[in-house]
Amino acid sequence: MALDNVDTLECTLCGERYDPAQIIYTCPNHEGVAGILEVKYDYDVIHDRFDAPLNGDIASQWKYRAFLPVDTGATPVTLDEGGTPLLDAPRLSDELDVSVRVKNDGQNPTGCFKDRATSVAVTKARHAGRDVVTCASTGNAAASLAGYAARGGLDCRIFVPAAAPEGKLVQPRVYGADVLAVNGSYDEAYDLSLEVTDTYGWYNRNAAINPFQIEGKRTVGHELAEQTQDDIPDWVVFSMGDGCTIAGCWKGLREFAELGYVDETPKMLGVQPTGASAIHDAFHEYDDIDTVADTLADAVAVGRPRNTLKACRALEESGGTALTVTDDAILEAETLLGRTEGIYAEPAGAAPIAGIRAARKRGIIDADETVVAVVTGSGLKDTAGAKQAVGPVTEISPSIDDVAAVYGTAPDTLGDDTRPTR
Ligand SMILES: *Cc1c(COP(=O)(O)O)cnc(C)c1O
Ligand SMILES: [Zn+2]
């Protein structure tokens, strides 16, 4: 077994270093799980090993295997996650008065960005001979873990707030996972999952405390760097819950620039709902941080983010910033993205669009800058949320008169050739 591309695990608080072969989640020098660890790589090994051409041809995130913290002998547990399209968005750009491209990560195998991290997690768990994986989740990480556990032949036991959208409670059970719906918040489900990990010794995927999981999220940064190398955007925009996603992407973007594969890095813009704004509040050094989450964007309904430090570092190092948007603005963004570009995002996936609008209004993003919005999740899992934005459906009887009641009577001038033949 060789994990020879990883140098060490380093505590983000005290700098203490740990052997990456140990199963250790957080630094024991701090109370609870505050001592988040950072994976430090040997970039000489990575640079020597990474020989794939940066030609935009990305079959899956395992193109960047040289960067991933998995043993050279491990067989990936994969459903071809990553390699998602970067789309021009001309009509959306008109609406937002700035040039926007969309990285559609809702196209990942379970419908969410989190598959990138999960594939790495389950690969590591299986290679280490573990047979039970667990996590706490607002819904998407659970569905993702369940899918990859099924793919890898592992048992999956997950903790989800009972109030999660129906689709996110059903999907993991279709993948054969045990789902325990916790009558409590995500934050309470999270604490319970930590206790369970301690008590039962199951492998915990939670990206904030498992230092390796954020590492899979770097591949969205690698892909973006590869896909935009001739036209690097000024801004990359993400929604933030625990803060792992934006931090992971930034690490990927930064390492590609440091290795000289691309010339520049974008600024990161982190977007949170006004009802779940703890990272935003910490970044702007508010004294009174609200730790109770209240937002319809369930995937980022996090009161006490586990990775505020890494997220704030990403914002700061990149020269970016954080802002908040209302739930109404998020719903408006969801239908705007759908209507202008045919991309159906869940609320947390559409929040970056609302963030771009707010950032334009406040002069954070200039009209002549370029932006990539990362859509992190598909809307198909949460139709109830979207229903609030589109309103009730129009019902009619199967009669042409009812159609006429909606569109008016058809003009007589229709030629015969436009009528279907019977
Ligand atoms: C988890 C998630 C996020 C936020 O990621 P964090 O690492 O918690 O900041 C954003 N969008 C979707 C769809 C998610 O599932
Ligand atoms: Zn420490």
# chains A, B, ... in the order shown; residues from 1 in each chain; ligands from 1
>>> closest_atom_pairs(of="chain A", to="ligand 1", cutoff="6 Å", atoms="only C-alpha atoms and all ligand atoms", output="tab-separated table")
residue	atom	partner	partner_atom_place_in_ligand_line	distance
A:Cys112	CA	ligand 1	13 (C)	5.9
A:Asn140	CA	ligand 1	15 (O)	4.9
A:Ser239	CA	ligand 1	10 (C)	5.2
A:Met240	CA	ligand 1	9 (O)	3.7
A:Gly241	CA	ligand 1	9 (O)	3.6
A:Asp242	CA	ligand 1	8 (O)	3.6
A:Gly243	CA	ligand 1	9 (O)	3.4
A:Cys244	CA	ligand 1	7 (O)	3.5
A:Thr245	CA	ligand 1	7 (O)	3.8
A:Ala299	CA	ligand 1	14 (C)	4.7
A:Val300	CA	ligand 1	4 (C)	5.4
A:Ala348	CA	ligand 1	11 (N)	4.7
A:Gly349	CA	ligand 1	13 (C)	5.0
A:Thr376	CA	ligand 1	13 (C)	4.4
A:Gly377	CA	ligand 1	13 (C)	3.9
>>> write_last_selection(atoms="C-alpha atoms", output="CSV table (one decimal), in the first residue's frame")
chain,number,residue,atom,x,y,z
A,112,CYS,CA,-25.1,16.3,-6.8
A,140,ASN,CA,-27.4,15.1,-0.7
A,239,SER,CA,-23.2,28.4,-2.3
A,240,MET,CA,-21.8,27.5,1.1
A,241,GLY,CA,-23.2,25.3,3.9
A,242,ASP,CA,-20.4,23.7,5.9
A,243,GLY,CA,-17.9,25.5,3.6
A,244,CYS,CA,-16.1,22.3,2.3
A,245,THR,CA,-17.1,22.7,-1.3
A,299,ALA,CA,-28.6,21.6,1.3
A,300,VAL,CA,-27.0,24.6,2.9
A,348,ALA,CA,-28.8,25.6,-3.0
A,349,GLY,CA,-27.6,25.0,-6.6
A,376,THR,CA,-24.1,22.0,-7.2
A,377,GLY,CA,-27.3,20.0,-7.3
>>> residues_near_ligand(ligand="ligand 2", cutoff="8 Å", atoms="only C-alpha atoms and all ligand atoms", output="compact mmCIF listing (two decimals) with C-alpha atoms, in the first residue's frame")
# COMPACT_ATOMS: atom_id res chain seq x y z
CA GLU A 10 -1.62 19.23 9.37
CA CYS A 11 -3.90 20.79 11.98
CA THR A 12 -5.44 24.04 10.70
CA LEU A 13 -5.37 25.44 14.26
CA CYS A 14 -2.09 24.43 15.92
CA GLY A 15 -0.03 23.13 13.01
CA GLU A 16 0.62 19.71 14.60
CA THR A 26 -9.56 15.79 13.82
CA CYS A 27 -6.63 17.02 15.95
CA PRO A 28 -7.02 15.81 19.54
CA ASN A 29 -5.38 18.99 20.91
CA HIS A 30 -8.68 20.87 20.64
CA GLY A 35 -9.07 20.84 15.02
CA ILE A 36 -9.78 20.24 11.33
CA LEU A 37 -6.85 18.67 9.50
>>> residues_around(residues="Val406 of chain A", least_positions_apart="6", cutoff="10 Å", atoms="only C-alpha atoms", output="PyMOL selection string")
chain A and resi 394+396+400
>>> write_last_selection(atoms="N, CA, C and O atoms", output="PDB file, in the first residue's frame")
ATOM      1  N   THR A 394     -51.944  24.549 -14.392  1.00  0.00           N
ATOM      2  CA  THR A 394     -53.243  24.826 -15.005  1.00  0.00           C
ATOM      3  C   THR A 394     -53.902  23.511 -15.405  1.00  0.00           C
ATOM      4  O   THR A 394     -53.328  22.747 -16.176  1.00  0.00           O
ATOM      5  N   ILE A 396     -56.987  21.359 -17.203  1.00  0.00           N
ATOM      6  CA  ILE A 396     -58.054  21.476 -18.214  1.00  0.00           C
ATOM      7  C   ILE A 396     -58.686  20.110 -18.446  1.00  0.00           C
ATOM      8  O   ILE A 396     -58.102  19.090 -18.095  1.00  0.00           O
ATOM      9  N   ILE A 400     -60.646  20.740 -26.818  1.00  0.00           N
ATOM     10  CA  ILE A 400     -60.023  21.869 -27.513  1.00  0.00           C
ATOM     11  C   ILE A 400     -60.578  23.193 -27.001  1.00  0.00           C
ATOM     12  O   ILE A 400     -59.886  24.207 -26.996  1.00  0.00           O
TER      13      ILE A 400
END
>>> select_by_dssp(residues="segment 61-284 of chain A", states="helix (DSSP H, G or I)", output="ChimeraX atom specification")
/A:61-67,90-96,105-107,115-127,140-152,166-174,186-200,213-216,218-227,244-258,278-283
>>> closest_residue(among="A:Asn204, A:Gln61, A:Thr265, A:Ser399", to="Asp131 of chain A", atoms="only C-alpha atoms")
A:Asn204
>>> select_by_dssp(residues="segment 156-276 of chain A", states="strand (DSSP E or B)", output="list in words")
Cys156, Arg157, Ile158, Phe159, Val160, Pro161, Asp178, Val179, Leu180, Ala181, Val182, Tyr203, Asn204, Trp235, Val236, Val237, Phe238, Ser239, Lys267, Met268, Leu269, Gly270, Val271, Gln272 and Pro273 of chain A
>>> closest_atom_pairs(of="segment 228-322 of chain A", to="segment 45-54 of chain A", cutoff="10 Å", atoms="only C-alpha atoms", output="JSON lines")
{"residue": "A:Gln229", "atom": "CA", "partner": "A:Leu54", "partner_atom": "CA", "distance": 8.8}
{"residue": "A:Leu259", "atom": "CA", "partner": "A:His47", "partner_atom": "CA", "distance": 7.6}
{"residue": "A:Tyr261", "atom": "CA", "partner": "A:Leu54", "partner_atom": "CA", "distance": 8.3}
{"residue": "A:Val262", "atom": "CA", "partner": "A:Leu54", "partner_atom": "CA", "distance": 9.9}
>>> write_last_selection(atoms="all heavy atoms", output="compact mmCIF listing (two decimals), in the first residue's frame")
# COMPACT_ATOMS: atom_id res chain seq x y z
N GLN A 229 -8.84 27.37 -19.23
CA GLN A 229 -7.43 27.81 -19.24
C GLN A 229 -7.17 28.95 -20.22
O GLN A 229 -6.26 29.75 -19.99
CB GLN A 229 -6.51 26.63 -19.51
CG GLN A 229 -6.83 25.86 -20.79
CD GLN A 229 -6.08 24.53 -20.86
OE1 GLN A 229 -4.91 24.49 -20.58
NE2 GLN A 229 -6.77 23.47 -21.21
N LEU A 259 1.32 24.84 -9.91
CA LEU A 259 2.10 23.90 -10.72
C LEU A 259 2.37 24.45 -12.13
O LEU A 259 3.03 23.80 -12.93
CB LEU A 259 1.38 22.55 -10.81
CG LEU A 259 1.44 21.70 -9.53
CD1 LEU A 259 0.43 20.56 -9.59
CD2 LEU A 259 2.84 21.14 -9.32
N TYR A 261 0.14 24.96 -14.51
CA TYR A 261 -0.75 24.44 -15.57
C TYR A 261 -1.64 25.54 -16.12
O TYR A 261 -2.10 25.47 -17.25
CB TYR A 261 -1.62 23.29 -15.04
CG TYR A 261 -0.87 22.10 -14.50
CD1 TYR A 261 -1.51 21.15 -13.71
CD2 TYR A 261 0.48 21.89 -14.78
CE1 TYR A 261 -0.83 20.05 -13.21
CE2 TYR A 261 1.17 20.80 -14.28
CZ TYR A 261 0.51 19.88 -13.49
OH TYR A 261 1.17 18.80 -12.99
N VAL A 262 -1.97 26.53 -15.28
CA VAL A 262 -2.74 27.71 -15.72
C VAL A 262 -2.06 28.96 -15.16
O VAL A 262 -1.27 28.87 -14.22
CB VAL A 262 -4.22 27.67 -15.25
CG1 VAL A 262 -4.99 26.58 -15.97
CG2 VAL A 262 -4.32 27.51 -13.74
>>> closest_atom_pairs(of="segment 194-259 of chain A", to="segment 97-105 of chain A", cutoff="12 Å", atoms="only C-alpha atoms", output="JSON lines")
{"residue": "A:Lys217", "atom": "CA", "partner": "A:Asp105", "partner_atom": "CA", "distance": 11.3}
{"residue": "A:Thr219", "atom": "CA", "partner": "A:Asp105", "partner_atom": "CA", "distance": 11.5}
{"residue": "A:Val220", "atom": "CA", "partner": "A:Asp105", "partner_atom": "CA", "distance": 8.6}
{"residue": "A:Gly221", "atom": "CA", "partner": "A:Lys103", "partner_atom": "CA", "distance": 10.7}
{"residue": "A:Glu223", "atom": "CA", "partner": "A:Lys103", "partner_atom": "CA", "distance": 9.6}
{"residue": "A:Leu224", "atom": "CA", "partner": "A:Lys103", "partner_atom": "CA", "distance": 8.0}
{"residue": "A:Ala225", "atom": "CA", "partner": "A:Lys103", "partner_atom": "CA", "distance": 11.7}
{"residue": "A:Gln227", "atom": "CA", "partner": "A:Lys103", "partner_atom": "CA", "distance": 9.8}
{"residue": "A:Thr228", "atom": "CA", "partner": "A:Arg101", "partner_atom": "CA", "distance": 10.1}
{"residue": "A:Asp231", "atom": "CA", "partner": "A:Arg101", "partner_atom": "CA", "distance": 11.1}
{"residue": "A:Ile232", "atom": "CA", "partner": "A:Arg101", "partner_atom": "CA", "distance": 11.1}
{"residue": "A:Pro233", "atom": "CA", "partner": "A:Arg101", "partner_atom": "CA", "distance": 9.0}
{"residue": "A:Asp234", "atom": "CA", "partner": "A:Ser99", "partner_atom": "CA", "distance": 10.2}
{"residue": "A:Trp235", "atom": "CA", "partner": "A:Val100", "partner_atom": "CA", "distance": 9.5}
{"residue": "A:Val236", "atom": "CA", "partner": "A:Arg101", "partner_atom": "CA", "distance": 9.6}
{"residue": "A:Val237", "atom": "CA", "partner": "A:Val102", "partner_atom": "CA", "distance": 9.7}
{"residue": "A:Phe238", "atom": "CA", "partner": "A:Lys103", "partner_atom": "CA", "distance": 10.4}
{"residue": "A:Thr245", "atom": "CA", "partner": "A:Asp105", "partner_atom": "CA", "distance": 11.8}
>>> closest_residue(among="A:Leu323, A:Ile24, A:Ile214, A:Ala89", to="Leu336 of chain A", atoms="only C-alpha atoms")
A:Ala89
>>> closest_atom_pairs(of="segment 46-98 of chain A", to="segment 142-166 of chain A", cutoff="12 Å", atoms="only C-alpha atoms", output="tab-separated table")
residue	atom	partner	partner_atom	distance
A:Thr75	CA	A:Gly152	CA	9.9
A:Pro76	CA	A:Gly152	CA	8.8
A:Val77	CA	A:Gly152	CA	5.6
A:Thr78	CA	A:Tyr148	CA	7.2
A:Leu79	CA	A:Tyr148	CA	7.7
A:Asp80	CA	A:Tyr148	CA	10.9
A:Glu81	CA	A:Tyr148	CA	10.4
>>> residues_around(residues="Ala141 of chain A", least_positions_apart="6", cutoff="9 Å", atoms="only C-alpha atoms", output="list in words")
Cys112, Lys114, Asp115, Thr118, Cys135, Arg205 and Asn206 of chain A
>>> write_last_selection(atoms="C-alpha atoms", output="JSON list (two decimals), in the first residue's frame")
[["chain", "number", "residue", "atom", "x", "y", "z"],
["A", 112, "CYS", "CA", -25.06, 16.34, -6.81],
["A", 114, "LYS", "CA", -20.92, 15.58, -3.48],
["A", 115, "ASP", "CA", -20.27, 12.49, -5.62],
["A", 118, "THR", "CA", -17.94, 10.36, -1.94],
["A", 135, "CYS", "CA", -22.51, 10.18, 7.57],
["A", 205, "ARG", "CA", -17.63, 10.36, 5.31],
["A", 206, "ASN", "CA", -18.44, 13.75, 6.79]]
>>> atom_distance(atom1="atom CA of Ala278 of chain A", atom2="atom CA of Val302 of chain A")
8.1 Å
>>> residues_around(residues="Asp290 of chain A", least_positions_apart="2", cutoff="8 Å", atoms="only C-alpha atoms", output="VMD selection string")
chain A and resid 276 to 278 288 292 to 293 303
>>> atom_distance(atom1="atom CA of Thr138 of chain A", atom2="atom CA of Ala301 of chain A")
7.4 Å
>>> residues_around(residues="Pro352 of chain A", least_positions_apart="4", cutoff="9 Å", atoms="only C-alpha atoms", output="ChimeraX atom specification")
/A:237-239,269-272,330,333,348,356-357,373-375
>>> atom_distance(atom1="atom CA of Ala350 of chain A", atom2="atom CA of Leu337 of chain A")
7.3 Å
>>> residues_around(residues="Leu331 of chain A", least_positions_apart="3", cutoff="6 Å", atoms="only C-alpha atoms", output="ChimeraX atom specification")
/A:328,334,389
>>> closest_residue(among="A:Leu309, A:Leu192, A:Ala21, A:Ala74", to="Phe212 of chain A", atoms="only C-alpha atoms")
A:Ala21
